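S.K.: One structure, as structure tokens, below. Some questions next.
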Amino acid sequence: MTDNKPERTRIVVIGGGVGGTSIAYHLAQRGVSDVVLVERSELTSGSTFHSAGLVGQLRGSVTLTRMMMYSAELYRTLALDAETHPGWVECGGLRLASTPERMEELERQVGWAETFGLQLEYVSAERAQALFPLMSPDGVLGATFLPTDGYLDPSQLAYALAKGARRGGIDVREHTRVVSIQPLPVGGTGKFLVVTDKGDLVADQVVNAAGMYAAEVGRMVGVRVPVIPMSHQYVVTAPFRDVSSDDRLPTLRDPDLLVYYREDGAGLVMGGYERHSEAFALGSSGFDAIPQDFNGRLLPEVWQRLEEIFENSVRRVPAMADAEVRKVINGPEAFTPDNEFCLGEANVPGFFVAAGFCAHGIAGAGGVGMVMANWLLDSDPGMDLWEMDIRRFGAQYRSASYTRQRVTENYETYYDVKYPGHERKAGRPLKTAAAYPWHKEHGASFGEKSGWERVNYYLSNEQRSEEPLRPRGWAGKHWSTAIAVEHRATRQAAGLFDESSFSKIEVSGSGAPALIEWLCANRVVRGNGCITYTQMLNERGGIEADVTVTQIDDEVFLVVTGTAFGTHDLSWISNHTPVDGSVTVRDVTDAFVVFGLWGPRSRDVLQPLTPQSLSNDDLPFMRMRETSVAAAPVRLLRVTFVGELGWEVHAPVEYGLGLWQAIWESGAEHGLTACGYKAIDSLRAEKGYRYWASDITPDQTPDDAGLAFCVKTEKSFLGRESLLRLRGQRDSDSPELVCLSITDTRQVVLGNEPVRVAGAVVGRVTTGAQGFSVGTSIAFAYVPSRVADPGTRAEVLVFGQWVDAVISSAPLWDPDNRRIRDGVVSRPTISGRKGA
Ligand SMILES: Cc1cc2nc3c(=O)[nH]c(=O)nc-3n(C[C@H](O)[C@H](O)[C@H](O)COP(=O)(O)OP(=O)(O)OC[C@H]3O[C@@H](n4cnc5c(N)ncnc54)[C@H](O)[C@@H]3O)c2cc1C
């Protein structure tokens, strides 16, 4: 690189920690060697070298657990070769419960593990002590043990992965700092000019695997990576215990005491999550400003912050009281606002991020490398990564202070038991819709989604008579009788819901009809005013987005999607937009309020307010009309997410509050009730409507999900070929989403519970809810189609207890759609109860 001509390469990976080296390793494994990894200092000199090295596999989500399991398998394999041995010790892992709530959490985890194929076992406090003799069993109610957990030497791991990458022909360059990145004009020799202090590179793809420096690298190309370097500490003791070669201690976590341990020769490593966290190197603007020479360095110890953890550690391992603390490691690590990784292609096509590992990057590195290599080479990570996808972070995370508040809250409550419905507090209220003051005044209990304050339910709707329906256990903790009241009001009269946070994307221009038709599996270009429920599929035929598309005009389409999915769906559409300028894609979420008015009396409520006839003939199901309601210009969309006659009323935000009040007043004589999102959970479950990211994900096809009726294979669309191929291969083992009715309405599932049929575990729950109208608890689960027949008896493991269920033909509510199509109110038809 002596002349000034940039060097051409396919992929530049920035960062020589476990993240970057694992990506390079996996690219090499996939046979791609046209890759340069650049590290500004020495390999491992960021966060990696000072990690405690624990590798625990069981996590709160299916995907992350699968990634961790892959990591453990990879580390085991690397250890077979002396040159790539990462110091892997498969000593097993213990997790203790010192409170009844934690014990319940462990019960849930044992259930999940069964569905993951992990041999997680319950052990008594005595057995735990036998495995970890230094431990005091005082207050321990029980524990779990996973024999395949372990620990390793983080630096050795990074070197092993770099060695593997180099063996595959990848160029790993230390002491090469990226100083700027410039997107190149379309049609040139590459997409990015990567300027380093050792010469320039032209690449098609760039991966930002810069750990706690990832926000800084992102800024080079205008991409916001919302990570904050947080100081994280652990102690290493001097040797104090007798060891023989086969005397291995498992790793030990006691989340109630906020501590973890692992052996370190004849000493111990002990660390934890402090209740008082501290960010590292935030500049005056609040953004990270890590010194340019911060490599291979640690922070001074802050014993004050460690005190509580150290005291707790002595309670669990009394020998810690006399053990000499040889060193305190205080190292910074990148944390995200929700404690999940930050992965994937950013809003600059070709620019990928793999950072924000939140102190489990060593355990995650193997899996991260694998999915990122897939993403780079196949434009698809190969599994559902929504919860880690960079596109989950909305525009609010451009704010340094908001990001910091969220990160801090998550860090400081890392080990806390989080009950379903747990709401975070930091940075609220942030985004409030036009009718927010009305909701507040009327006793709303708010939840937060993607920064929006949304009504969960109204305390003013609470009624003691519904108390006997309170779910047992965890699901009953953040429950309110108002949910049942609001549900019934919607089924019996009418409910008014504020859904203004729905993400709305406008796709327009001469190329819009062709683009939207190609992206959607259903036929969507059907004439002005037509509304279509459709999925957008990825190349694998998996469901990448689940939306309604309304044709507003010949060349204008409105895509409506979930509150949290706006950034994801917007970039999915934008990334497929032709470069000729014929399509404009705009996020119009903030421009419109959306009020859902649903229920058998909804027509009576709305008709007096609008000149538009609301008869079935004049405004049929799945049609939109532009008209007015009260004083507001609106779009009336005859759609439903609750299984009742009704409309979504879309109006410019400035009319929002007045419009809400007008509908509310008109509803007074018809029993209209203001309702929240918790009632929707229940209503939609009865109607069998799916939630994207849980019931349906990029890993399932419409055929798996019972959505084949939304697919028009006679037209061409993205993912069609894979879908047809998979359709041809379907057999009795193919997954099928089924609806399970659990007779006891108070047994409410939370997700991930195993499902068994005839004594064998066949699947796991995706979502669940109480069906107040159908009189059962409802769960959705994927099971092999051979056991998916309605009437099949099944069992679901709810907190250690197998409860009876029966597979029902969904939907349980209004299966022939008469209520929503014709507004006909008949007695509820509950199908598929024959085996009940
Ligand atoms: C005290 C502590 C204990 C931990 N314990 C555990 C544990 O027990 N188990 C576990 O799983 N995880 C643990 N972790 C977390 C784990 O160490 C990290 O998640 C992981 O090392 C992060 O790896 P990375 O590759 O993302 O980042 P890093 O290791 O920081 O690598 C990023 C690299 O990018 C380079 N870079 C930055 N900017 C540029 C540029 N402009 N040009 C070129 N190169 C650049 C940096 O020099 C750096 O080397 C711990 C972390 C800490 C701090």
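Going through the structure tokens in order, the chains are called A, B, and so on, while each chain numbers its residues from 1 and the ligands are numbered from 1 in the order shown.
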Enumerate, in order of chain and increasing residue number, the residues of chain A with an atom no farther than 7 Å from ligand 1, each with its shortest atom pair and distance in Å to one decimal, counting only C-alpha atoms and all ligand atoms, as a Markdown table.

M.R.:
| residue | atom | partner | partner_atom_place_in_ligand_line | distance |
| --- | --- | --- | --- | --- |
| A:Ile14 | CA | ligand 1 | 44 (N) | 5.1 |
| A:Gly15 | CA | ligand 1 | 34 (O) | 3.2 |
| A:Gly16 | CA | ligand 1 | 49 (O) | 4.7 |
| A:Gly17 | CA | ligand 1 | 25 (O) | 3.3 |
| A:Val18 | CA | ligand 1 | 25 (O) | 4.2 |
| A:Gly19 | CA | ligand 1 | 25 (O) | 3.5 |
| A:Gly20 | CA | ligand 1 | 25 (O) | 5.4 |
| A:Val38 | CA | ligand 1 | 43 (C) | 5.2 |
| A:Glu39 | CA | ligand 1 | 44 (N) | 3.7 |
| A:Arg40 | CA | ligand 1 | 43 (C) | 3.8 |
| A:Ser41 | CA | ligand 1 | 47 (O) | 5.3 |
| A:Glu42 | CA | ligand 1 | 49 (O) | 6.6 |
| A:Leu43 | CA | ligand 1 | 49 (O) | 5.7 |
| A:Thr44 | CA | ligand 1 | 49 (O) | 5.2 |
| A:Ser45 | CA | ligand 1 | 49 (O) | 4.6 |
| A:Gly46 | CA | ligand 1 | 30 (O) | 3.4 |
| A:Ser47 | CA | ligand 1 | 30 (O) | 3.8 |
| A:Thr48 | CA | ligand 1 | 21 (O) | 3.2 |
| A:Phe49 | CA | ligand 1 | 21 (O) | 6.9 |
| A:His50 | CA | ligand 1 | 1 (C) | 5.8 |
| A:Ser51 | CA | ligand 1 | 4 (C) | 3.6 |
| A:Ala52 | CA | ligand 1 | 5 (N) | 3.8 |
| A:Gly53 | CA | ligand 1 | 8 (O) | 3.9 |
| A:Leu54 | CA | ligand 1 | 8 (O) | 3.7 |
| A:Val55 | CA | ligand 1 | 11 (O) | 5.5 |
| A:Thr176 | CA | ligand 1 | 43 (C) | 5.9 |
| A:Arg177 | CA | ligand 1 | 42 (N) | 3.7 |
| A:Val178 | CA | ligand 1 | 42 (N) | 3.9 |
| A:Val179 | CA | ligand 1 | 41 (N) | 5.8 |
| A:Ala209 | CA | ligand 1 | 26 (O) | 5.7 |
| A:Ala210 | CA | ligand 1 | 34 (O) | 3.5 |
| A:Gly211 | CA | ligand 1 | 27 (O) | 3.4 |
| A:Met212 | CA | ligand 1 | 30 (O) | 5.6 |
| A:Tyr213 | CA | ligand 1 | 37 (C) | 4.9 |
| A:Ala214 | CA | ligand 1 | 37 (C) | 6.7 |
| A:Val217 | CA | ligand 1 | 41 (N) | 5.9 |
| A:Ser231 | CA | ligand 1 | 53 (C) | 6.7 |
| A:His232 | CA | ligand 1 | 1 (C) | 4.6 |
| A:Gln233 | CA | ligand 1 | 1 (C) | 4.8 |
| A:Tyr234 | CA | ligand 1 | 1 (C) | 5.9 |
| A:Asn295 | CA | ligand 1 | 47 (O) | 6.0 |
| A:Ile329 | CA | ligand 1 | 1 (C) | 6.1 |
| A:Asn330 | CA | ligand 1 | 1 (C) | 5.6 |
| A:Gly331 | CA | ligand 1 | 53 (C) | 4.2 |
| A:Pro332 | CA | ligand 1 | 53 (C) | 4.7 |
| A:Glu333 | CA | ligand 1 | 53 (C) | 4.5 |
| A:Ala355 | CA | ligand 1 | 26 (O) | 5.0 |
| A:Gly356 | CA | ligand 1 | 26 (O) | 6.5 |
| A:Phe357 | CA | ligand 1 | 19 (O) | 4.4 |
| A:Cys358 | CA | ligand 1 | 19 (O) | 5.8 |
| A:Ala359 | CA | ligand 1 | 15 (C) | 3.4 |
| A:His360 | CA | ligand 1 | 11 (O) | 3.2 |
| A:Gly361 | CA | ligand 1 | 19 (O) | 3.2 |
| A:Ile362 | CA | ligand 1 | 11 (O) | 3.4 |
| A:Ala363 | CA | ligand 1 | 11 (O) | 3.8 |
| A:Gly364 | CA | ligand 1 | 11 (O) | 6.2 |

S.K.: Using only C-alpha atoms, determine which residues lie at most 7 Å from region 601-616 of chain A, disregarding the query and same-chain residues fewer than 5 positions distant; provide the list as a PDB file with C-alpha atoms, in the first residue's frame.

M.R.:
ATOM      1  CA  ALA A 493     -71.325  -2.816  22.753  1.00  0.00           C
ATOM      2  CA  ALA A 494     -68.301  -0.870  21.488  1.00  0.00           C
ATOM      3  CA  THR A 627     -64.426  11.525   4.417  1.00  0.00           C
ATOM      4  CA  SER A 628     -64.917  13.465   7.634  1.00  0.00           C
ATOM      5  CA  VAL A 629     -65.840  12.539  11.178  1.00  0.00           C
ATOM      6  CA  ALA A 630     -67.094  15.387  13.346  1.00  0.00           C
ATOM      7  CA  LEU A 645     -67.453  -4.733  13.206  1.00  0.00           C
ATOM      8  CA  GLY A 646     -65.685  -1.405  13.178  1.00  0.00           C
ATOM      9  CA  ILE A 663     -66.477   9.908  19.128  1.00  0.00           C
ATOM     10  CA  SER A 666     -71.389  10.128  20.443  1.00  0.00           C
ATOM     11  CA  GLY A 667     -70.837   6.762  22.109  1.00  0.00           C
ATOM     12  CA  HIS A 670     -74.420   3.177  23.050  1.00  0.00           C
ATOM     13  CA  ASP A 822     -71.853  -8.160   8.049  1.00  0.00           C
TER      14      ASP A 822
END

S.K.: Considering only C-alpha atoms, return as number ranges by chain whatever protein or nucleic-acid residues lie within 12 Å of region 200-205 of chain A, sequence-local ones (same chain, fewer than 6 positions apart) excluded.

M.R.: A: 1-14, 34-38, 176-194, 344-346, 348-353, 372-373, 375-377, 379

S.K.: Counting only C-alpha atoms, what is within 7 Å of Asp498 (chain A), bar same-chain residues fewer than 5 positions away, as a count of residues only?

M.R.: 3

S.K.: Using only C-alpha atoms for the distances, tell me which of A:Met68, A:Cys739, A:Leu537, A:Ala708 is nearest to Gly367 (chain A).

M.R.: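 Under the stated criterion, the closest residue is A:Met68.
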
S.K.: For Arg821 (chain A), which residue out of A:Pro100, A:Gly643, A:Gly93, A:Gly447 is the nearest one, using only C-alpha atoms?

M.R.: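 Result for the nearest residue to Arg821 (chain A): A:Gly643.
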
S.K.: If you run DSSP on the backbone, which residues of region 417-607 of chain A are strand (DSSP E), as number ranges by chain?

M.R.: A: 444-449, 452-458, 494-498, 503-508, 531-537, 543-553, 556-561, 584-587, 592-598

S.K.: May I have the residues within 8 Å of Ala521 (chain A) as a short mmCIF file (atom, residue, chain, number, x, y, z; two decimals) with N, CA, C and O atoms, in the first residue's frame, using only C-alpha atoms and disregarding those fewer than 5 positions away in the same chain?

M.R.:
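Produced file part29.cif, reproduced below:
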data_model
loop_
_atom_site.label_atom_id
_atom_site.label_comp_id
_atom_site.auth_asym_id
_atom_site.auth_seq_id
_atom_site.Cartn_x
_atom_site.Cartn_y
_atom_site.Cartn_z
N THR A 534 -51.54 -8.61 4.42
CA THR A 534 -50.51 -9.36 3.68
C THR A 534 -49.23 -9.52 4.50
O THR A 534 -49.00 -8.80 5.47
N GLN A 535 -48.44 -10.46 4.06
CA GLN A 535 -47.09 -10.61 4.61
C GLN A 535 -46.07 -10.22 3.54
O GLN A 535 -46.35 -10.35 2.35
N MET A 536 -44.93 -9.73 4.00
CA MET A 536 -43.79 -9.56 3.10
C MET A 536 -42.81 -10.67 3.48
O MET A 536 -42.53 -10.86 4.66
N LEU A 537 -42.34 -11.39 2.50
CA LEU A 537 -41.50 -12.56 2.78
C LEU A 537 -40.04 -12.26 2.46
O LEU A 537 -39.73 -11.44 1.60
N CYS A 710 -53.39 -15.81 2.52
CA CYS A 710 -52.91 -14.46 2.17
C CYS A 710 -51.89 -14.50 1.04
O CYS A 710 -51.29 -13.47 0.72
N VAL A 711 -51.63 -15.66 0.48
CA VAL A 711 -50.56 -15.78 -0.52
C VAL A 711 -51.17 -16.04 -1.89
O VAL A 711 -52.00 -16.92 -2.05
N LYS A 712 -50.73 -15.27 -2.86
CA LYS A 712 -51.22 -15.46 -4.24
C LYS A 712 -50.04 -15.94 -5.08
O LYS A 712 -49.26 -15.13 -5.60
N THR A 713 -49.93 -17.25 -5.20
CA THR A 713 -48.74 -17.78 -5.88
C THR A 713 -48.80 -17.57 -7.39
O THR A 713 -47.81 -17.75 -8.08
N PHE A 717 -43.54 -12.66 -6.50
CA PHE A 717 -43.23 -11.84 -5.32
C PHE A 717 -41.97 -12.39 -4.66
O PHE A 717 -41.58 -13.55 -4.87
N LEU A 718 -41.37 -11.55 -3.88
CA LEU A 718 -40.14 -11.92 -3.19
C LEU A 718 -40.41 -13.10 -2.24
O LEU A 718 -41.34 -13.04 -1.44
N ARG A 720 -41.22 -16.13 -3.24
CA ARG A 720 -42.18 -17.09 -3.81
C ARG A 720 -41.53 -18.45 -4.08
O ARG A 720 -42.10 -19.50 -3.75
#

S.K.: Looking at only C-alpha atoms, which of A:Gly688, A:Pro133, A:Gly529, A:Gly800 is the one that sits closest to Trp813 (chain A)?

M.R.: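 Looking only at the distances to Trp813 (chain A), the closest residue turns out to be A:Gly688.
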
S.K.: Using only C-alpha atoms, which protein or nucleic acid residues come within 8 Å of region 258-270 of chain A? Drop anything in the same chain fewer than 6 positions from it, and give the result as a PyMOL selection string.

M.R.: chain A and resi 52+54+151+234-243+248-252+309+312-313+415
